[in-house]
Amino acid sequence: MKAAVRIQQEDFSQDEEISALKACSKRMGGIGTFLGCARDFSEGREVEQISFDAYGSMALSEMQKLRSDAIGKFALLDARIVHRIGTVSGGDNIVFIAAGAEHRVAALEACRWMIDELKQRVPIWKKEITPQGDAWVVPHP
Amino acid sequence: MKAAVRIQQEDFSQDEEISALKACSKRMGGIGTFLGCARDFSEGREVEQISFDAYGSMALSEMQKLRSDAIGKFALLDARIVHRIGTVSGGDNIVFIAAGAEHRVAALEACRWMIDELKQRVPIWKKEITPQGDAWVVPHP
Amino acid sequence: MISVLFFGPVAERIGKSALQVEFHHTMSLQNLRDKLAAQYPQAFEIVCFAAVNGEHARDMTIALTDGSEVAFMAKFSGG
Amino acid sequence: MISVLFFGPVAERIGKSALQVEFHHTMSLQNLRDKLAAQYPQAFEIVCFAAVNGEHARDMTIALTDGSEVAFMAKFSGG
């Protein structure tokens, strides 16, 4: 089975991730997921591709901590985080987060918390490649 | 492509549902999903299977309204709702909800709202089949 | 005639999932409910919602029309 | 020596993704930052975070040790 936390170039399958998540327990009543995708349009500009740079070793260890923190904070049965790097096109998957709990509220709240924290904690940067040139994304506060 | 709102006996694929959801727009930056599963243990009792009864025509039309309401309320690009009926075993999928929006907050909030509303509005009932006998589930207020 | 439908726990207590009730002029949803609740008190203990022709009916005073489909339902537990 | 790493927008402004800086006894993270910021002011305009040996470093007064890996990073934009 693939690791619960990964940084990878290739795409992932949600069916595979969810069945890996469910494998740990049949007491899992609710699974919340977040899938972040590349938009082909951002702040008024057409976006052809998005490329990523990452501090790979730190990003992976921050994602692992984030998963453990979420499992502790929300009493999850399991959680998974996958982030792609390299270059992706409009509509492609970028990040996948899944949180499984006995009940739905914990699963959904953990999922929301994990994607918010990931954006704060994990050293990954995206650059939008547009017909007018490339630009690193400046996140809104 | 399968309908965006369905009630069916057979299992579903999240990969298929997500790719159908994404087909509508490349401006979709965030997709929130909720997957409800059958737990093999509930309120201290082992649960072997869960069987469903539904007011099929009304349940489908309520789910369709729910999808339209969510699209309007959260400015979603698209949404899907699938609910299984018949009999399922521990770990099996029961319900799938997906909300796609330009940004993550709307997608995640819509997903949470839809599963909460579904439980209030949609005429479906579940019965737990346990070694001690069968019992219709009484939802907590 | 009015078709009355029951599902899940209500159908189990009544012992069937549908009934035909003769339509009377000026029959309201509440009249129908009272009539059936007297006949099946144990089932109606758990009835929380009614629907007329597949739509949630919150106003019990509404008049029924001949041929309506009415459902008396327990709290939902789907999802 | 201290290995200094740059990523994304900071690496682009500096024109490279790594530098070696000679280690001095009693060198703090702030000392290293000041030295590099003087050399690459445009890049350090957008530096928001530092990491030492792959861990977030919130306290800029910490002393560095020889052989440390330090990263000066712009606001993250992953996810």
# chains A, B, ... in the order shown; residues from 1 in each chain; ligands from 1
$ select_by_dssp --residues "stretch 46-102 of chain A" --states "helix (DSSP H, G or I)" --output "ChimeraX atom specification"
/A:56-74
$ residues_around --residues "stretch 13-15 of chain C" --least-positions-apart "4" --cutoff "7 Å" --atoms "only C-alpha atoms" --output "MDAnalysis selection string"
chainID C and resid 9 40 42:43
$ atom_distance --atom1 "atom CA of B:Ile7" --atom2 "atom CA of B:Gln120"
16.7 Å
$ interface_residues --of "chain B" --to "chain C" --cutoff "10 Å" --atoms "only C-alpha atoms" --output "number ranges by chain"
B: 35-38, 51-62, 82-85, 94-97, 115-127, 135-141
$ write_last_selection --atoms "N, CA and C atoms" --output "compact mmCIF listing (two decimals), in the first residue's frame"
# COMPACT_ATOMS: atom_id res chain seq x y z
N LEU B 35 -17.99 11.10 2.09
CA LEU B 35 -18.36 9.71 1.83
C LEU B 35 -18.84 9.12 3.15
N GLY B 36 -20.08 8.67 3.18
CA GLY B 36 -20.61 8.00 4.39
C GLY B 36 -20.53 6.51 4.18
N CYS B 37 -20.05 5.80 5.19
CA CYS B 37 -19.83 4.36 5.09
C CYS B 37 -20.58 3.63 6.20
N ALA B 38 -20.81 2.35 5.97
CA ALA B 38 -21.46 1.51 6.99
C ALA B 38 -20.43 1.13 8.04
N SER B 51 -29.67 -2.21 6.03
CA SER B 51 -30.55 -2.20 4.87
C SER B 51 -31.34 -0.90 4.86
N PHE B 52 -31.74 -0.49 3.68
CA PHE B 52 -32.37 0.82 3.50
C PHE B 52 -33.77 0.68 2.96
N ASP B 53 -34.65 1.56 3.41
CA ASP B 53 -35.94 1.74 2.75
C ASP B 53 -35.99 3.21 2.34
N ALA B 54 -36.63 3.50 1.25
CA ALA B 54 -36.69 4.88 0.77
C ALA B 54 -38.02 5.14 0.08
N TYR B 55 -38.48 6.38 0.19
CA TYR B 55 -39.60 6.85 -0.64
C TYR B 55 -38.90 7.35 -1.91
N GLY B 56 -38.68 6.40 -2.82
CA GLY B 56 -37.75 6.62 -3.93
C GLY B 56 -37.97 7.88 -4.74
N SER B 57 -39.22 8.11 -5.20
CA SER B 57 -39.45 9.25 -6.10
C SER B 57 -39.24 10.57 -5.35
N MET B 58 -39.71 10.61 -4.09
CA MET B 58 -39.55 11.84 -3.31
C MET B 58 -38.08 12.04 -2.91
N ALA B 59 -37.41 10.95 -2.55
CA ALA B 59 -36.00 11.05 -2.15
C ALA B 59 -35.17 11.62 -3.31
N LEU B 60 -35.44 11.12 -4.51
CA LEU B 60 -34.69 11.60 -5.67
C LEU B 60 -34.99 13.08 -5.92
N SER B 61 -36.26 13.45 -5.84
CA SER B 61 -36.56 14.86 -6.14
C SER B 61 -36.03 15.77 -5.03
N GLU B 62 -36.04 15.31 -3.77
CA GLU B 62 -35.44 16.12 -2.69
C GLU B 62 -33.92 16.26 -2.87
N VAL B 82 -24.95 10.88 -4.56
CA VAL B 82 -25.32 9.49 -4.85
C VAL B 82 -25.64 8.80 -3.52
N HIS B 83 -26.79 8.15 -3.44
CA HIS B 83 -27.14 7.39 -2.23
C HIS B 83 -27.46 5.96 -2.62
N ARG B 84 -26.88 5.03 -1.89
CA ARG B 84 -27.19 3.62 -2.15
C ARG B 84 -28.41 3.18 -1.34
N ILE B 85 -29.15 2.23 -1.90
CA ILE B 85 -30.21 1.55 -1.15
C ILE B 85 -29.94 0.05 -1.22
N ILE B 94 -22.12 4.19 1.50
CA ILE B 94 -23.56 4.46 1.57
C ILE B 94 -23.92 5.69 0.75
N VAL B 95 -23.23 6.79 1.02
CA VAL B 95 -23.62 8.05 0.39
C VAL B 95 -22.37 8.81 -0.04
N PHE B 96 -22.47 9.50 -1.16
CA PHE B 96 -21.35 10.29 -1.65
C PHE B 96 -21.88 11.66 -2.05
N ILE B 97 -21.19 12.68 -1.57
CA ILE B 97 -21.55 14.05 -1.89
C ILE B 97 -20.29 14.75 -2.38
N ILE B 115 -24.58 17.38 3.29
CA ILE B 115 -24.81 16.13 4.03
C ILE B 115 -25.71 16.39 5.23
N ASP B 116 -25.56 17.57 5.88
CA ASP B 116 -26.46 17.89 7.00
C ASP B 116 -27.91 17.99 6.52
N GLU B 117 -28.11 18.68 5.42
CA GLU B 117 -29.46 18.85 4.87
C GLU B 117 -30.04 17.53 4.37
N LEU B 118 -29.20 16.74 3.73
CA LEU B 118 -29.68 15.44 3.22
C LEU B 118 -30.31 14.64 4.35
N LYS B 119 -29.64 14.63 5.48
CA LYS B 119 -30.14 13.86 6.62
C LYS B 119 -31.48 14.40 7.13
N GLN B 120 -31.71 15.70 6.95
CA GLN B 120 -32.97 16.33 7.38
C GLN B 120 -34.10 16.15 6.38
N ARG B 121 -33.76 16.19 5.10
CA ARG B 121 -34.78 16.37 4.07
C ARG B 121 -35.16 15.13 3.30
N VAL B 122 -34.27 14.16 3.22
CA VAL B 122 -34.44 13.10 2.22
C VAL B 122 -35.02 11.84 2.86
N PRO B 123 -36.19 11.39 2.37
CA PRO B 123 -36.89 10.28 3.00
C PRO B 123 -36.24 8.92 2.71
N ILE B 124 -35.22 8.62 3.52
CA ILE B 124 -34.54 7.33 3.46
C ILE B 124 -34.38 6.88 4.92
N TRP B 125 -34.53 5.61 5.16
CA TRP B 125 -34.41 5.06 6.53
C TRP B 125 -33.46 3.88 6.50
N LYS B 126 -32.64 3.79 7.56
CA LYS B 126 -31.72 2.65 7.63
C LYS B 126 -32.04 1.75 8.82
N LYS B 127 -31.86 0.46 8.57
CA LYS B 127 -32.10 -0.56 9.61
C LYS B 127 -30.80 -1.30 9.82
N ALA B 135 -32.91 -3.46 13.89
CA ALA B 135 -33.51 -2.27 14.49
C ALA B 135 -33.38 -1.08 13.55
N TRP B 136 -34.49 -0.40 13.33
CA TRP B 136 -34.44 0.86 12.57
C TRP B 136 -33.64 1.87 13.36
N VAL B 137 -32.84 2.63 12.66
CA VAL B 137 -32.00 3.63 13.32
C VAL B 137 -32.84 4.84 13.70
N VAL B 138 -32.73 5.27 14.96
CA VAL B 138 -33.41 6.49 15.40
C VAL B 138 -32.35 7.60 15.44
N PRO B 139 -32.45 8.57 14.53
CA PRO B 139 -31.41 9.60 14.48
C PRO B 139 -31.44 10.45 15.74
N HIS B 140 -30.28 10.86 16.20
CA HIS B 140 -30.20 11.78 17.33
C HIS B 140 -30.64 13.16 16.86
N PRO B 141 -31.27 13.94 17.74
CA PRO B 141 -31.76 15.26 17.32
C PRO B 141 -30.59 16.18 16.94
$ interface_residues --of "chain A" --to "chain B" --cutoff "6 Å" --atoms "only C-alpha atoms" --output "number ranges by chain"
A: 14-15, 26-40, 90-91
$ atom_distance --atom1 "atom CA of A:Ala20" --atom2 "atom CA of B:Cys24"
28.4 Å
$ residues_around --residues "B:Thr130" --least-positions-apart "2" --cutoff "8 Å" --atoms "only C-alpha atoms" --output "list in words"
Arg45, Glu46, Val47, Glu48, Gln49, Glu128, Gln132, Gly133 and Asp134 of chain B
$ write_last_selection --atoms "C-alpha atoms" --output "compact mmCIF listing (two decimals), in the first residue's frame"
# COMPACT_ATOMS: atom_id res chain seq x y z
CA ARG B 45 -23.63 -3.37 19.18
CA GLU B 46 -21.94 -5.24 16.37
CA VAL B 47 -23.66 -4.44 13.05
CA GLU B 48 -23.56 -7.10 10.36
CA GLN B 49 -25.42 -5.26 7.63
CA GLU B 128 -29.16 -2.14 11.40
CA GLN B 132 -29.30 -9.56 18.48
CA GLY B 133 -31.89 -8.69 15.84
CA ASP B 134 -32.79 -5.86 13.48
$ select_by_dssp --residues "chain D" --states "strand (DSSP E or B)" --output "number ranges by chain"
D: 2-5, 18-21, 28, 47-52, 55-56, 63, 69-74
$ residues_around --residues "C:Leu29" --least-positions-apart "4" --cutoff "7 Å" --atoms "only C-alpha atoms" --output "short mmCIF file (atom, residue, chain, number, x, y, z; two decimals) with N, CA and C atoms, in the first residue's frame"
data_model
loop_
_atom_site.label_atom_id
_atom_site.label_comp_id
_atom_site.auth_asym_id
_atom_site.auth_seq_id
_atom_site.Cartn_x
_atom_site.Cartn_y
_atom_site.Cartn_z
N ARG C 33 -54.73 12.13 8.90
CA ARG C 33 -53.77 11.69 9.93
C ARG C 33 -54.51 11.20 11.18
N MET C 60 -50.61 21.15 8.08
CA MET C 60 -51.51 20.00 8.19
C MET C 60 -52.96 20.36 7.85
N THR C 61 -53.24 21.66 7.72
CA THR C 61 -54.63 22.05 7.44
C THR C 61 -54.96 21.99 5.94
N ILE C 62 -53.99 21.73 5.10
CA ILE C 62 -54.28 21.75 3.66
C ILE C 62 -55.31 20.68 3.28
N ALA C 63 -56.13 21.06 2.31
CA ALA C 63 -57.17 20.15 1.83
C ALA C 63 -56.56 19.16 0.86
N LEU C 64 -56.99 17.92 0.96
CA LEU C 64 -56.51 16.90 0.02
C LEU C 64 -57.43 16.87 -1.19
#
$ closest_residue --among "A:Ala75, A:Val88, A:Ile129, A:Gln8" --to "A:Ala106" --atoms "only C-alpha atoms"
A:Ala75
$ decode --residues "stretch 61-94 of chain B" --atoms "N, CA and C atoms" --output "compact mmCIF listing (two decimals), in the first residue's frame"
# COMPACT_ATOMS: atom_id res chain seq x y z
N SER B 61 -36.26 13.45 -5.84
CA SER B 61 -36.56 14.86 -6.14
C SER B 61 -36.03 15.77 -5.03
N GLU B 62 -36.04 15.31 -3.77
CA GLU B 62 -35.44 16.12 -2.69
C GLU B 62 -33.92 16.26 -2.87
N MET B 63 -33.27 15.20 -3.32
CA MET B 63 -31.82 15.27 -3.55
C MET B 63 -31.51 16.21 -4.72
N GLN B 64 -32.38 16.20 -5.74
CA GLN B 64 -32.17 17.13 -6.87
C GLN B 64 -32.33 18.58 -6.42
N LYS B 65 -33.36 18.82 -5.58
CA LYS B 65 -33.56 20.18 -5.05
C LYS B 65 -32.37 20.60 -4.19
N LEU B 66 -31.92 19.65 -3.37
CA LEU B 66 -30.78 19.92 -2.48
C LEU B 66 -29.55 20.32 -3.29
N ARG B 67 -29.31 19.60 -4.38
CA ARG B 67 -28.16 19.94 -5.24
C ARG B 67 -28.33 21.36 -5.81
N SER B 68 -29.52 21.69 -6.33
CA SER B 68 -29.74 23.03 -6.89
C SER B 68 -29.60 24.10 -5.82
N ASP B 69 -30.15 23.81 -4.64
CA ASP B 69 -30.06 24.79 -3.54
C ASP B 69 -28.59 25.04 -3.20
N ALA B 70 -27.79 23.98 -3.13
CA ALA B 70 -26.37 24.13 -2.76
C ALA B 70 -25.63 24.91 -3.84
N ILE B 71 -25.92 24.62 -5.10
CA ILE B 71 -25.25 25.32 -6.19
C ILE B 71 -25.55 26.82 -6.10
N GLY B 72 -26.82 27.16 -5.80
CA GLY B 72 -27.20 28.56 -5.67
C GLY B 72 -26.58 29.22 -4.45
N LYS B 73 -26.69 28.55 -3.32
CA LYS B 73 -26.29 29.13 -2.03
C LYS B 73 -24.78 29.36 -1.95
N PHE B 74 -24.00 28.43 -2.53
CA PHE B 74 -22.54 28.52 -2.38
C PHE B 74 -21.83 28.87 -3.70
N ALA B 75 -22.60 29.23 -4.74
CA ALA B 75 -22.04 29.56 -6.06
C ALA B 75 -21.11 28.44 -6.53
N LEU B 76 -21.59 27.21 -6.42
CA LEU B 76 -20.80 26.07 -6.89
C LEU B 76 -20.77 26.02 -8.41
N LEU B 77 -19.74 25.42 -8.95
CA LEU B 77 -19.69 25.15 -10.38
C LEU B 77 -20.46 23.87 -10.69
N ASP B 78 -20.44 22.93 -9.77
CA ASP B 78 -21.22 21.70 -9.94
C ASP B 78 -21.27 20.95 -8.62
N ALA B 79 -22.22 20.01 -8.52
CA ALA B 79 -22.33 19.18 -7.32
C ALA B 79 -22.96 17.85 -7.71
N ARG B 80 -22.66 16.81 -6.95
CA ARG B 80 -23.21 15.47 -7.21
C ARG B 80 -23.61 14.83 -5.88
N ILE B 81 -24.67 14.03 -5.93
CA ILE B 81 -25.13 13.30 -4.74
C ILE B 81 -25.53 11.89 -5.18
N VAL B 82 -24.95 10.88 -4.56
CA VAL B 82 -25.32 9.49 -4.85
C VAL B 82 -25.64 8.80 -3.52
N HIS B 83 -26.79 8.15 -3.44
CA HIS B 83 -27.14 7.39 -2.23
C HIS B 83 -27.46 5.96 -2.62
N ARG B 84 -26.88 5.03 -1.89
CA ARG B 84 -27.19 3.62 -2.15
C ARG B 84 -28.41 3.18 -1.34
N ILE B 85 -29.15 2.23 -1.90
CA ILE B 85 -30.21 1.55 -1.15
C ILE B 85 -29.94 0.05 -1.22
N GLY B 86 -30.87 -0.75 -0.73
CA GLY B 86 -30.64 -2.20 -0.69
C GLY B 86 -29.95 -2.53 0.62
N THR B 87 -29.03 -3.48 0.58
CA THR B 87 -28.37 -3.93 1.81
C THR B 87 -26.86 -3.83 1.62
N VAL B 88 -26.19 -3.23 2.62
CA VAL B 88 -24.72 -3.09 2.56
C VAL B 88 -24.10 -3.69 3.82
N SER B 89 -22.81 -4.00 3.74
CA SER B 89 -22.08 -4.59 4.87
C SER B 89 -21.10 -3.57 5.46
N GLY B 90 -20.54 -3.91 6.61
CA GLY B 90 -19.58 -3.02 7.30
C GLY B 90 -18.46 -2.60 6.35
N GLY B 91 -18.18 -1.30 6.32
CA GLY B 91 -17.13 -0.77 5.46
C GLY B 91 -17.63 -0.33 4.09
N ASP B 92 -18.82 -0.77 3.71
CA ASP B 92 -19.33 -0.41 2.38
C ASP B 92 -19.73 1.07 2.30
N ASN B 93 -19.69 1.59 1.11
CA ASN B 93 -20.14 2.96 0.85
C ASN B 93 -21.66 3.06 0.96
N ILE B 94 -22.12 4.19 1.50
CA ILE B 94 -23.56 4.46 1.57
C ILE B 94 -23.92 5.69 0.75
